[in-house]
$ cat protein.cif   # mmCIF, C-alpha atoms
data_target
loop_
_atom_site.label_atom_id
_atom_site.label_comp_id
_atom_site.auth_asym_id
_atom_site.auth_seq_id
_atom_site.Cartn_x
_atom_site.Cartn_y
_atom_site.Cartn_z
CA MET T 14 0.00 0.00 0.00
CA LYS T 15 0.97 3.64 -0.01
CA PRO T 16 0.82 4.83 3.50
CA ARG T 17 1.62 8.25 2.29
CA LYS T 18 -1.32 9.58 0.27
CA LEU T 19 -1.84 6.25 -1.34
CA VAL T 20 -2.30 7.75 -4.78
CA ILE T 21 -6.11 7.22 -4.69
CA LEU T 22 -7.73 7.34 -8.13
CA LEU T 23 -11.14 8.74 -8.96
CA THR T 24 -14.50 6.92 -9.04
CA ALA T 25 -18.10 8.02 -9.52
CA GLY T 26 -21.72 7.25 -8.73
CA LEU T 27 -24.20 5.79 -11.15
CA VAL T 28 -27.83 5.15 -11.90
CA LEU T 29 -28.99 2.78 -14.59
CA THR T 30 -32.33 1.43 -15.75
CA THR T 31 -32.92 -2.16 -16.73
CA ALA T 32 -33.74 -1.14 -20.28
CA ALA T 33 -30.45 0.70 -20.58
CA CYS T 34 -28.55 -2.28 -19.20
CA GLY T 35 -30.25 -4.67 -21.58
CA GLY T 36 -30.94 -7.02 -18.68
CA ASP T 37 -33.99 -9.16 -18.03
CA SER T 38 -36.56 -8.56 -15.31
CA SER T 39 -34.28 -10.16 -12.72
CA ASP T 40 -31.79 -7.35 -13.25
CA SER T 41 -33.97 -4.68 -11.71
CA ASP T 42 -35.67 -4.35 -8.38
CA ALA T 43 -35.18 -0.62 -8.11
CA GLY T 44 -38.48 0.52 -9.55
CA GLY T 45 -37.19 1.63 -12.96
CA GLY T 46 -34.05 3.42 -11.77
CA VAL T 47 -30.77 2.40 -10.24
CA THR T 48 -28.60 4.67 -8.10
CA ILE T 49 -25.03 3.77 -7.37
CA THR T 50 -22.82 6.01 -5.26
CA VAL T 51 -19.08 5.99 -5.69
CA ALA T 52 -16.49 7.89 -3.70
CA CYS T 53 -13.53 10.04 -4.65
CA GLN T 54 -14.87 12.84 -6.80
CA PRO T 55 -12.03 15.35 -7.06
CA PRO T 56 -12.27 18.13 -4.49
CA LYS T 57 -13.28 21.71 -5.31
CA THR T 58 -9.67 22.68 -4.73
CA ALA T 59 -8.83 20.80 -7.98
CA PRO T 60 -11.36 22.52 -10.28
CA LYS T 61 -10.05 21.22 -13.61
CA GLN T 62 -9.97 17.63 -12.42
CA ARG T 63 -13.40 18.00 -10.85
CA GLU T 64 -14.81 19.41 -14.08
CA ALA T 65 -13.25 16.53 -16.05
CA TRP T 66 -14.91 14.12 -13.63
CA ASN T 67 -18.28 15.83 -14.09
CA GLN T 68 -17.86 15.68 -17.87
CA ASP T 69 -17.25 11.95 -17.61
CA VAL T 70 -20.38 11.52 -15.51
CA ALA T 71 -22.43 13.40 -18.12
CA THR T 72 -20.96 11.35 -20.96
CA PHE T 73 -21.72 8.13 -19.16
CA GLU T 74 -25.28 9.22 -18.34
CA LYS T 75 -25.91 10.16 -21.97
CA ALA T 76 -24.76 6.73 -23.11
CA HIS T 77 -27.01 5.10 -20.49
CA PRO T 78 -30.40 6.86 -20.58
CA GLY T 79 -32.04 7.09 -17.18
CA VAL T 80 -28.78 7.13 -15.29
CA LYS T 81 -28.47 9.52 -12.34
CA VAL T 82 -24.93 9.77 -11.02
CA LYS T 83 -24.17 10.61 -7.40
CA SER T 84 -20.58 11.30 -6.40
CA THR T 85 -19.01 11.88 -3.02
CA ASP T 86 -15.85 13.92 -2.63
CA GLN T 87 -14.49 12.79 0.71
CA GLN T 88 -10.77 13.49 0.81
CA PRO T 89 -8.65 11.53 1.26
CA CYS T 90 -10.71 8.87 -0.48
CA PHE T 91 -9.11 6.12 1.56
CA ASP T 92 -8.58 6.92 5.21
CA PRO T 93 -7.23 3.93 7.17
CA LYS T 94 -8.59 5.45 10.37
CA THR T 95 -12.19 5.35 9.18
CA PHE T 96 -12.27 2.76 6.39
CA ALA T 97 -13.02 -0.33 8.52
CA ALA T 98 -15.66 1.44 10.58
CA LYS T 99 -17.34 2.81 7.46
CA LEU T 100 -17.51 -0.66 5.96
CA ALA T 101 -18.73 -2.33 9.13
CA GLY T 102 -21.36 0.35 9.64
CA GLY T 103 -22.82 -0.12 6.17
CA GLN T 104 -21.89 3.44 5.13
CA MET T 105 -19.63 2.55 2.22
CA GLU T 106 -20.51 3.68 -1.28
CA THR T 107 -21.86 1.13 -3.73
CA VAL T 108 -18.57 1.17 -5.62
CA PHE T 109 -15.54 1.81 -3.45
CA MET T 110 -11.77 1.78 -3.79
CA VAL T 111 -9.69 -0.69 -1.77
CA PRO T 112 -5.87 -0.61 -1.57
CA VAL T 113 -4.04 -3.90 -1.98
CA THR T 114 -3.23 -3.87 1.74
CA ASN T 115 -6.90 -4.35 2.53
CA TYR T 116 -7.97 -6.85 -0.15
CA ALA T 117 -7.74 -9.94 2.01
CA ASP T 118 -9.45 -8.35 4.99
CA VAL T 119 -12.38 -6.95 3.01
CA ILE T 120 -12.91 -10.20 1.12
CA SER T 121 -12.62 -12.46 4.19
CA LYS T 122 -15.22 -10.38 6.02
CA LYS T 123 -17.60 -10.63 3.04
CA GLN T 124 -17.65 -6.86 2.67
CA ALA T 125 -17.20 -7.04 -1.11
CA LYS T 126 -19.61 -8.61 -3.56
CA ASP T 127 -18.74 -11.69 -5.61
CA ILE T 128 -18.66 -10.32 -9.17
CA THR T 129 -17.42 -13.48 -10.88
CA GLY T 130 -20.45 -13.71 -13.18
CA VAL T 131 -20.26 -10.13 -14.46
CA THR T 132 -16.57 -9.50 -15.09
CA ASP T 133 -17.32 -9.57 -18.82
CA LEU T 134 -18.99 -6.17 -18.38
CA VAL T 135 -15.46 -4.81 -18.03
CA LYS T 136 -14.56 -5.47 -21.64
CA ASN T 137 -10.81 -5.48 -21.06
CA TYR T 138 -10.90 -7.49 -17.85
CA GLY T 139 -8.98 -10.29 -19.52
CA ASP T 140 -6.19 -7.88 -20.42
CA ILE T 141 -5.46 -7.15 -16.77
CA ARG T 142 -2.34 -9.03 -15.75
CA GLN T 143 -3.11 -12.43 -14.30
CA ASP T 144 -0.99 -11.91 -11.20
CA VAL T 145 -2.89 -8.68 -10.51
CA ARG T 146 -6.27 -10.38 -11.00
CA ASP T 147 -5.18 -13.16 -8.70
CA MET T 148 -4.92 -10.64 -5.87
CA VAL T 149 -8.70 -10.11 -5.89
CA THR T 150 -9.59 -13.74 -6.56
CA VAL T 151 -10.26 -16.19 -3.73
CA ASP T 152 -11.29 -19.82 -4.27
CA GLY T 153 -12.04 -19.04 -7.89
CA LYS T 154 -14.35 -16.13 -7.09
CA VAL T 155 -13.63 -12.54 -8.14
CA TYR T 156 -14.26 -9.69 -5.72
CA GLY T 157 -12.85 -6.63 -7.45
CA VAL T 158 -11.53 -4.99 -10.59
CA PRO T 159 -7.89 -3.90 -10.16
CA ASN T 160 -6.84 -0.75 -11.94
CA VAL T 161 -3.62 0.21 -10.22
CA SER T 162 -0.54 -1.97 -9.90
CA TYR T 163 3.03 -0.86 -9.42
CA SER T 164 6.38 -1.86 -8.04
CA VAL T 165 8.69 0.34 -6.02
CA GLY T 166 11.75 1.85 -7.65
CA LEU T 167 14.42 4.45 -6.95
CA VAL T 168 13.48 8.04 -7.72
CA TYR T 169 16.51 10.27 -8.21
CA ASN T 170 17.46 13.83 -9.06
CA ARG T 171 19.34 13.80 -12.35
CA LYS T 172 20.50 17.40 -11.93
CA LEU T 173 22.17 16.60 -8.60
CA PHE T 174 23.75 13.51 -10.13
CA GLU T 175 25.40 15.70 -12.74
CA GLU T 176 26.51 18.27 -10.18
CA ALA T 177 28.06 15.49 -8.08
CA GLY T 178 29.93 14.03 -11.04
CA LEU T 179 27.57 11.04 -11.38
CA ASP T 180 26.08 9.74 -14.63
CA PRO T 181 22.29 10.29 -14.54
CA ASP T 182 21.88 7.76 -17.33
CA ALA T 183 23.55 5.06 -15.20
CA PRO T 184 21.69 5.21 -11.85
CA PRO T 185 22.64 2.92 -8.95
CA LYS T 186 21.81 -0.77 -9.24
CA THR T 187 22.96 -1.92 -5.80
CA TRP T 188 22.73 -0.56 -2.26
CA ASP T 189 26.48 -0.08 -2.20
CA GLU T 190 26.15 2.11 -5.28
CA VAL T 191 23.30 4.03 -3.65
CA ARG T 192 25.48 4.69 -0.62
CA ALA T 193 28.42 5.85 -2.73
CA ALA T 194 26.22 8.16 -4.82
CA ALA T 195 24.53 9.54 -1.72
CA LYS T 196 27.89 10.48 -0.22
CA LYS T 197 28.90 12.40 -3.33
CA ILE T 198 25.63 14.30 -3.40
CA ALA T 199 25.81 15.16 0.30
CA ASP T 200 29.33 16.45 -0.25
CA LEU T 201 27.92 19.17 -2.52
CA GLY T 202 27.44 21.29 0.59
CA ASP T 203 25.24 22.19 3.52
CA GLY T 204 21.62 21.20 3.14
CA TYR T 205 22.22 18.50 0.56
CA VAL T 206 20.83 15.04 1.33
CA GLY T 207 22.09 12.13 -0.70
CA TYR T 208 19.36 9.66 0.17
CA GLY T 209 16.09 10.45 1.93
CA GLU T 210 14.42 8.03 4.33
CA TYR T 211 11.60 7.88 6.90
CA GLY T 212 11.64 7.10 10.60
CA GLY T 213 7.98 7.11 11.68
CA GLY T 214 4.33 7.37 10.83
CA ASN T 215 4.36 3.75 9.59
CA VAL T 216 6.25 4.89 6.48
CA GLY T 217 9.55 4.06 8.14
CA GLY T 218 8.50 0.44 8.58
CA TRP T 219 6.99 0.44 5.11
CA HIS T 220 10.30 1.46 3.58
CA PHE T 221 12.04 -1.17 5.71
CA ALA T 222 9.81 -3.76 4.01
CA GLN T 223 10.68 -2.38 0.58
CA SER T 224 14.39 -2.51 1.36
CA ILE T 225 14.42 -6.01 2.82
CA PHE T 226 12.49 -7.40 -0.14
CA SER T 227 14.96 -5.79 -2.54
CA ARG T 228 17.78 -7.68 -0.81
CA GLY T 229 15.97 -11.01 -0.99
CA GLY T 230 14.70 -11.07 2.60
CA GLU T 231 11.21 -11.62 3.92
CA MET T 232 8.92 -9.88 6.37
CA VAL T 233 6.80 -12.86 7.46
CA VAL T 234 7.18 -16.60 6.82
CA ASP T 235 4.63 -19.19 7.94
CA GLY T 236 2.88 -16.68 10.16
CA LYS T 237 6.00 -15.57 12.02
CA ALA T 238 8.27 -12.56 11.73
CA ALA T 239 11.22 -13.22 9.43
CA PHE T 240 12.84 -9.80 9.27
CA ASN T 241 15.40 -10.44 12.04
CA SER T 242 17.73 -11.78 9.39
CA PRO T 243 20.96 -10.89 7.62
CA GLU T 244 18.93 -8.94 5.07
CA GLY T 245 17.02 -7.06 7.78
CA LYS T 246 20.22 -6.20 9.59
CA ALA T 247 21.72 -4.99 6.31
CA VAL T 248 18.82 -2.57 5.87
CA LEU T 249 19.45 -0.95 9.25
CA ARG T 250 23.23 -1.14 9.07
CA THR T 251 23.36 0.62 5.70
CA LEU T 252 21.03 3.36 6.90
CA HIS T 253 22.94 3.74 10.17
CA ASP T 254 26.27 4.07 8.38
CA MET T 255 24.90 6.52 5.84
CA ARG T 256 23.68 8.65 8.74
CA TRP T 257 26.67 8.47 11.08
CA LYS T 258 29.67 7.68 8.87
CA ASP T 259 28.74 9.38 5.62
CA ASP T 260 26.36 12.09 6.84
CA SER T 261 24.41 11.53 3.64
CA VAL T 262 20.80 11.06 4.84
CA GLY T 263 20.31 14.30 6.70
CA SER T 264 19.61 14.86 10.38
CA ARG T 265 15.81 15.27 10.24
CA VAL T 266 13.63 12.24 10.99
CA LEU T 267 10.84 12.39 8.43
CA ILE T 268 7.41 11.11 9.45
CA GLY T 269 4.67 11.84 6.91
CA TRP T 270 4.82 10.55 3.36
CA GLU T 271 4.63 14.02 1.87
CA ALA T 272 7.58 15.27 3.92
CA LEU T 273 10.12 13.44 1.78
CA MET T 274 8.42 14.41 -1.49
CA GLN T 275 8.52 18.04 -0.41
CA GLN T 276 12.20 17.60 0.32
CA MET T 277 12.76 16.07 -3.12
CA ALA T 278 10.89 18.94 -4.78
CA ALA T 279 13.13 21.46 -3.04
CA GLY T 280 15.98 20.19 -5.21
CA LYS T 281 18.57 19.22 -2.62
CA THR T 282 17.75 15.52 -2.07
CA GLY T 283 19.31 13.02 -4.43
CA MET T 284 17.37 9.76 -4.05
CA MET T 285 14.42 8.08 -2.38
CA LEU T 286 12.48 4.86 -2.71
CA GLY T 287 9.08 5.26 -4.29
CA ALA T 288 6.70 4.30 -7.04
CA PRO T 289 6.89 6.35 -10.25
CA ASP T 290 3.88 8.42 -9.21
CA VAL T 291 6.22 10.11 -6.73
CA VAL T 292 7.52 12.09 -9.70
CA THR T 293 3.98 13.14 -10.57
CA ASP T 294 3.42 14.54 -7.09
CA VAL T 295 6.89 16.08 -6.78
CA VAL T 296 6.32 17.98 -10.03
CA GLN T 297 2.57 18.60 -9.98
CA LYS T 298 1.83 19.07 -6.30
CA PHE T 299 5.11 20.38 -4.92
CA GLN T 300 6.39 22.30 -7.97
CA GLY T 301 9.61 20.40 -8.54
CA GLU T 302 11.35 20.92 -11.90
CA LYS T 303 10.04 18.27 -14.30
CA ASP T 304 13.36 17.79 -16.09
CA ASP T 305 15.23 17.03 -12.87
CA TYR T 306 13.83 13.60 -11.98
CA GLY T 307 14.45 10.09 -13.17
CA ILE T 308 13.33 6.64 -12.02
CA THR T 309 15.11 3.32 -12.03
CA GLY T 310 14.47 -0.11 -10.59
CA ILE T 311 14.79 -0.82 -6.89
CA PRO T 312 18.42 -1.48 -5.83
CA GLU T 313 19.49 -5.15 -5.93
CA GLY T 314 16.14 -5.91 -7.56
CA LYS T 315 15.51 -9.32 -6.03
CA ALA T 316 11.91 -8.33 -5.27
CA SER T 317 9.76 -5.27 -4.73
CA LEU T 318 6.81 -4.48 -2.56
CA SER T 319 3.74 -4.38 -4.78
CA GLY T 320 1.17 -1.68 -4.46
CA GLY T 321 -2.17 -1.20 -6.07
CA GLU T 322 -5.86 -0.56 -5.85
CA ALA T 323 -9.07 -2.21 -6.98
CA TYR T 324 -12.69 -1.21 -7.13
CA MET T 325 -15.04 -3.42 -5.18
CA ILE T 326 -18.82 -3.43 -4.94
CA ASN T 327 -20.91 -3.22 -1.82
CA PRO T 328 -22.44 -6.64 -1.10
CA LYS T 329 -25.82 -4.94 -0.62
CA ALA T 330 -25.91 -3.98 -4.30
CA ASN T 331 -28.70 -5.68 -6.25
CA ALA T 332 -28.19 -7.20 -9.70
CA ALA T 333 -29.01 -4.01 -11.61
CA GLU T 334 -26.79 -1.88 -9.40
CA THR T 335 -23.94 -4.34 -9.78
CA ARG T 336 -24.33 -4.36 -13.54
CA ALA T 337 -24.33 -0.56 -13.71
CA ALA T 338 -21.30 -0.33 -11.45
CA MET T 339 -19.29 -2.69 -13.63
CA GLN T 340 -20.20 -0.68 -16.72
CA TRP T 341 -18.98 2.49 -15.01
CA ILE T 342 -15.72 0.84 -13.98
CA ASP T 343 -15.28 -0.27 -17.58
CA PHE T 344 -15.91 3.23 -18.94
CA GLN T 345 -14.00 5.32 -16.43
CA PHE T 346 -11.01 3.17 -15.58
CA ASN T 347 -10.39 0.59 -18.29
CA THR T 348 -10.98 2.23 -21.66
CA PRO T 349 -8.02 3.79 -23.50
CA GLY T 350 -8.64 7.44 -24.27
CA LYS T 351 -11.56 7.71 -21.83
CA GLY T 352 -11.94 8.69 -18.19
CA ARG T 353 -8.68 8.53 -16.31
CA HIS T 354 -6.92 7.32 -19.45
CA ASP T 355 -7.83 10.50 -21.36
CA TYR T 356 -4.26 11.73 -21.42
CA ALA T 357 -4.94 14.40 -24.02
CA ARG T 358 -7.39 16.02 -21.63
CA GLY T 359 -4.97 15.57 -18.76
CA LYS T 360 -2.27 17.35 -20.74
CA ALA T 361 -4.64 20.20 -21.56
CA ASN T 362 -5.51 20.47 -17.86
CA GLY T 363 -1.88 20.88 -16.90
CA GLU T 364 -1.42 17.42 -15.40
CA ALA T 365 2.03 15.81 -15.25
CA VAL T 366 1.36 13.18 -17.94
CA GLY T 367 4.11 10.74 -18.84
CA VAL T 368 5.11 8.77 -15.75
CA PRO T 369 4.81 4.95 -16.16
CA ASN T 370 3.02 4.72 -12.83
CA ASN T 371 0.62 1.88 -13.50
CA ASP T 372 1.34 -1.46 -15.15
CA TYR T 373 -1.87 -3.30 -14.31
CA MET T 374 -2.58 -4.10 -17.98
CA GLY T 375 0.99 -5.21 -18.68
CA GLY T 376 1.87 -5.87 -22.31
CA SER T 377 -1.69 -6.71 -23.36
CA PRO T 378 -3.29 -4.86 -26.29
CA THR T 379 -5.03 -2.52 -23.85
CA GLY T 380 -1.82 -2.01 -21.90
CA ARG T 381 0.11 -1.14 -25.05
CA LYS T 382 -2.58 1.30 -26.18
CA ILE T 383 -2.64 3.04 -22.80
CA ALA T 384 1.15 3.34 -22.81
CA GLU T 385 1.16 4.71 -26.36
CA ASP T 386 -1.47 7.34 -25.51
CA ARG T 387 0.38 8.35 -22.36
CA THR T 388 3.66 8.75 -24.23
CA ALA T 389 2.03 10.65 -27.09
CA ASN T 390 0.61 13.19 -24.65
CA ALA T 391 3.53 13.29 -22.26
CA VAL T 392 4.62 16.60 -20.79
CA LEU T 393 7.34 14.88 -18.76
CA PRO T 394 10.60 13.48 -20.19
CA VAL T 395 9.59 9.80 -20.57
CA GLU T 396 13.13 8.78 -21.53
CA TYR T 397 14.21 9.52 -17.97
CA TYR T 398 11.93 6.74 -16.71
CA GLN T 399 13.09 4.04 -19.11
CA PRO T 400 15.51 2.46 -16.58
CA TYR T 401 12.49 1.75 -14.38
CA VAL T 402 10.46 0.35 -17.28
CA ASP T 403 13.35 -1.87 -18.36
CA THR T 404 14.19 -3.28 -14.93
CA SER T 405 10.88 -3.44 -13.07
CA LYS T 406 9.33 -5.97 -15.44
CA ASN T 407 11.82 -8.57 -14.17
CA VAL T 408 11.36 -7.83 -10.45
CA GLU T 409 9.28 -10.23 -8.37
CA LEU T 410 6.30 -8.53 -6.75
CA LYS T 411 5.66 -9.09 -3.05
CA LEU T 412 2.37 -8.50 -1.30
CA GLU T 413 2.30 -6.73 2.02
CA PRO T 414 2.22 -9.10 5.00
CA ALA T 415 -0.76 -9.66 7.24
CA HIS T 416 -1.18 -6.87 9.82
CA ALA T 417 1.07 -4.75 7.62
CA GLN T 418 0.35 -1.42 9.26
CA GLU T 419 0.91 -2.79 12.75
CA LEU T 420 4.20 -4.35 11.67
CA TYR T 421 5.28 -1.11 10.04
CA ALA T 422 4.60 0.75 13.27
CA VAL T 423 6.80 -1.73 15.13
CA LEU T 424 9.62 -1.30 12.63
CA ASP T 425 9.32 2.48 12.76
CA VAL T 426 11.09 2.19 16.11
CA ALA T 427 14.12 0.50 14.58
CA MET T 428 14.26 2.87 11.62
CA SER T 429 14.03 5.93 13.84
CA ALA T 430 16.64 4.54 16.24
CA VAL T 431 19.39 4.15 13.64
CA LEU T 432 18.66 7.64 12.32
CA THR T 433 18.80 9.31 15.74
CA ARG T 434 21.29 7.29 17.82
CA GLU T 435 24.80 6.49 16.71
CA SER T 436 24.95 3.87 19.46
CA ALA T 437 21.79 2.08 18.27
CA ASP T 438 22.05 -1.70 18.80
CA ILE T 439 20.73 -3.17 15.56
CA ASP T 440 20.58 -6.76 16.84
CA LYS T 441 18.58 -5.70 19.90
CA LEU T 442 16.28 -3.48 17.87
CA LEU T 443 15.35 -6.34 15.56
CA GLU T 444 14.99 -8.81 18.40
CA ASP T 445 12.54 -6.49 20.16
CA ALA T 446 10.67 -5.84 16.92
CA GLU T 447 10.49 -9.57 16.23
CA THR T 448 8.94 -10.26 19.65
CA LYS T 449 6.33 -7.55 19.20
CA ALA T 450 5.57 -8.62 15.65
CA ASN T 451 5.05 -12.24 16.61
CA GLY T 452 2.60 -11.13 19.27
CA ILE T 453 0.65 -9.25 16.61
CA LEU T 454 0.79 -12.13 14.11
CA ALA T 455 -0.30 -14.66 16.74
CA ARG T 456 -3.67 -12.94 16.92
CA GLY T 457 -4.40 -14.19 13.44
#
$ encode --input "protein.cif" --output "structure tokens"
Amino acid sequence: MKPRKLVILLTAGLVLTTAACGGDSSDSDAGGGVTITVACQPPKTAPKQREAWNQDVATFEKAHPGVKVKSTDQQPCFDPKTFAAKLAGGQMETVFMVPVTNYADVISKKQAKDITGVTDLVKNYGDIRQDVRDMVTVDGKVYGVPNVSYSVGLVYNRKLFEEAGLDPDAPPKTWDEVRAAAKKIADLGDGYVGYGEYGGGNVGGWHFAQSIFSRGGEMVVDGKAAFNSPEGKAVLRTLHDMRWKDDSVGSRVLIGWEALMQQMAAGKTGMMLGAPDVVTDVVQKFQGEKDDYGITGIPEGKASLSGGEAYMINPKANAAETRAAMQWIDFQFNTPGKGRHDYARGKANGEAVGVPNNDYMGGSPTGRKIAEDRTANAVLPVEYYQPYVDTSKNVELKLEPAHAQELYAVLDVAMSAVLTRESADIDKLLEDAETKANGILARG
């Protein structure tokens, strides 16, 4: 998942009559009209994106006579503090977004509808990568339509690489190379940070997971903590030495996800772990220079934490509502040139088009068409992201472990310790974290 902002994509509400759906009498029990609410309408503070959303709603309604669309604009769309309570209380929209972290929990609690029989309403469903579809499939039954999938890479500042005498077209491939590059960037002068990292807010533990996977380690094996390992110790040792021997990670302990992106946008931080959409936010939200940033695969590249999102349907939805919802998901999220894949409109609206931030369709015909449209309308230098495209396709994707957020909070302690105490005992930190983690995992 993205414990930062989570890069939540837009959805909408729908209404659809049986006649418009082309269904039989069993498809409608809504008295001639079907209303489906969907969260995540862009906020009023993003007027162009909100207007684009409203245009899409109108287009969809015109194509489906009788449709009445209702949208909610709660921001952030996914709030881990309220999500579970909203679901349990029956307050969730008919169509709602679920991050990959929560797939298993939502499905196991029967809080998402079985849509196995209607996946054909998403015309390109078969083009979604099989491994991505598998994440929302349990015992042969489908519970969601994925439309975001990504692996973590290394985002870096090409301008700082050049200033430090590094080749921006040959970014680091190993953690040793990351450390060496970070030292050179930090040596540029006061205020320069070679490599940015987190120490709290669950994002510290989240980045620990990314780093241990990249080295070939594991977080959990057979229901027990597995991070107290050579790979886990290497994560903390490298970070400790970069802080206290190289002085290349800065002295601030960053907590919130946006804190590091703001630091990257300021132009004095050389590298950070992140999905490609980090570049989008650094440029679009925090006004970083678009020509400064590149992306490559995660160092070592043995595996990467997978992130993503899917749209699921409220189990209370009747047949007609479910049908309408699937047609909306097809229109808004899975059709090249339409909805969120309308890159020409995004370019006209000043969006940072061009980052390869979503590979859920892979190399399928739909995936290729989406990639072509994105490149054709790019306002960002797509060639700077090719190292990520070339390397990430060969990186094994890892799902987040059970109780991920609780485990991340536990590992925040270790991450913060090595960033704030030169005398931090790495063995003891991981032993303590392992004990706490096993207590959490034992609850099932």
$ resolve_selection --input "protein.cif" --expression "the PyMOL selection byres ((chain T and resi 257) around 10)" --output "list in words"
Leu252, His253, Asp254, Met255, Arg256, Lys258, Asp259, Asp260, Ser261, Val262, Gly263, Ser264, Val431, Leu432, Thr433, Arg434, Glu435 and Ser436 of chain T
$ residues_around --input "protein.cif" --residues "Glu313 (chain T)" --least-positions-apart "3" --cutoff "12 Å" --atoms "only C-alpha atoms" --output "list in words"
Gly166, Leu167, Pro185, Lys186, Thr187, Trp188, Asp189, Glu190, Val191, Gln223, Ser224, Ile225, Phe226, Ser227, Arg228, Gly229, Gly230, Glu244, Thr309, Gly310, Ala316, Ser317, Thr404, Ser405, Asn407, Val408 and Glu409 of chain T
$ write_last_selection --input "protein.cif" --atoms "C-alpha atoms" --output "PDB file, in the frame of the given file"
ATOM      1  CA  GLY T 166      11.750   1.850  -7.650  1.00  0.00           C
ATOM      2  CA  LEU T 167      14.420   4.450  -6.950  1.00  0.00           C
ATOM      3  CA  PRO T 185      22.640   2.920  -8.950  1.00  0.00           C
ATOM      4  CA  LYS T 186      21.810  -0.770  -9.240  1.00  0.00           C
ATOM      5  CA  THR T 187      22.960  -1.920  -5.800  1.00  0.00           C
ATOM      6  CA  TRP T 188      22.730  -0.560  -2.260  1.00  0.00           C
ATOM      7  CA  ASP T 189      26.480  -0.080  -2.200  1.00  0.00           C
ATOM      8  CA  GLU T 190      26.150   2.110  -5.280  1.00  0.00           C
ATOM      9  CA  VAL T 191      23.300   4.030  -3.650  1.00  0.00           C
ATOM     10  CA  GLN T 223      10.680  -2.380   0.580  1.00  0.00           C
ATOM     11  CA  SER T 224      14.390  -2.510   1.360  1.00  0.00           C
ATOM     12  CA  ILE T 225      14.420  -6.010   2.820  1.00  0.00           C
ATOM     13  CA  PHE T 226      12.490  -7.400  -0.140  1.00  0.00           C
ATOM     14  CA  SER T 227      14.960  -5.790  -2.540  1.00  0.00           C
ATOM     15  CA  ARG T 228      17.780  -7.680  -0.810  1.00  0.00           C
ATOM     16  CA  GLY T 229      15.970 -11.010  -0.990  1.00  0.00           C
ATOM     17  CA  GLY T 230      14.700 -11.070   2.600  1.00  0.00           C
ATOM     18  CA  GLU T 244      18.930  -8.940   5.070  1.00  0.00           C
ATOM     19  CA  THR T 309      15.110   3.320 -12.030  1.00  0.00           C
ATOM     20  CA  GLY T 310      14.470  -0.110 -10.590  1.00  0.00           C
ATOM     21  CA  ALA T 316      11.910  -8.330  -5.270  1.00  0.00           C
ATOM     22  CA  SER T 317       9.760  -5.270  -4.730  1.00  0.00           C
ATOM     23  CA  THR T 404      14.190  -3.280 -14.930  1.00  0.00           C
ATOM     24  CA  SER T 405      10.880  -3.440 -13.070  1.00  0.00           C
ATOM     25  CA  ASN T 407      11.820  -8.570 -14.170  1.00  0.00           C
ATOM     26  CA  VAL T 408      11.360  -7.830 -10.450  1.00  0.00           C
ATOM     27  CA  GLU T 409       9.280 -10.230  -8.370  1.00  0.00           C
TER      28      GLU T 409
END
$ residues_around --input "protein.cif" --residues "region 170-173 of chain T" --least-positions-apart "5" --cutoff "7 Å" --atoms "only C-alpha atoms" --output "compact mmCIF listing (two decimals) with C-alpha atoms, in the frame of the given file"
# COMPACT_ATOMS: atom_id res chain seq x y z
CA PRO T 181 22.29 10.29 -14.54
CA ILE T 198 25.63 14.30 -3.40
CA GLY T 283 19.31 13.02 -4.43
CA MET T 284 17.37 9.76 -4.05
CA ASP T 305 15.23 17.03 -12.87
CA TYR T 306 13.83 13.60 -11.98
CA GLY T 307 14.45 10.09 -13.17
$ residues_around --input "protein.cif" --residues "region 444-456 of chain T" --least-positions-apart "4" --cutoff "10 Å" --atoms "only C-alpha atoms" --output "PyMOL selection string"
chain T and resi 232-233+236-242+414-417+419-427+439-440
$ residues_around --input "protein.cif" --residues "Thr379 (chain T)" --least-positions-apart "5" --cutoff "9 Å" --atoms "all atoms listed in the file" --output "mmCIF file with C-alpha atoms, in the coordinates of the input"
data_model
loop_
_atom_site.group_PDB
_atom_site.id
_atom_site.type_symbol
_atom_site.label_atom_id
_atom_site.label_comp_id
_atom_site.auth_asym_id
_atom_site.auth_seq_id
_atom_site.Cartn_x
_atom_site.Cartn_y
_atom_site.Cartn_z
ATOM 1 C CA ASN T 137 -10.810 -5.480 -21.060
ATOM 2 C CA ASP T 140 -6.190 -7.880 -20.420
ATOM 3 C CA ILE T 141 -5.460 -7.150 -16.770
ATOM 4 C CA ASN T 347 -10.390 0.590 -18.290
ATOM 5 C CA THR T 348 -10.980 2.230 -21.660
ATOM 6 C CA PRO T 349 -8.020 3.790 -23.500
ATOM 7 C CA MET T 374 -2.580 -4.100 -17.980
ATOM 8 C CA ALA T 384 1.150 3.340 -22.810
#
$ resolve_selection --input "protein.cif" --expression "the PyMOL selection byres ((chain T and resi 319) around 7)" --output "compact mmCIF listing (two decimals) with C-alpha atoms, in the frame of the given file"
# COMPACT_ATOMS: atom_id res chain seq x y z
CA TYR T 163 3.03 -0.86 -9.42
CA SER T 164 6.38 -1.86 -8.04
CA VAL T 165 8.69 0.34 -6.02
CA SER T 317 9.76 -5.27 -4.73
CA LEU T 318 6.81 -4.48 -2.56
CA GLY T 320 1.17 -1.68 -4.46
CA GLY T 321 -2.17 -1.20 -6.07
CA LEU T 410 6.30 -8.53 -6.75
CA LYS T 411 5.66 -9.09 -3.05
CA LEU T 412 2.37 -8.50 -1.30
$ atom_distance --input "protein.cif" --atom1 "CA of Trp219 (chain T)" --atom2 "CA of Arg250 (chain T)"
16.8 Å
$ residues_around --input "protein.cif" --residues "Asn160 (chain T)" --least-positions-apart "4" --cutoff "8 Å" --atoms "all atoms listed in the file" --output "list in words"
Gly321, Glu322, Ala323, Tyr324, Phe346, Asn347 and Tyr373 of chain T
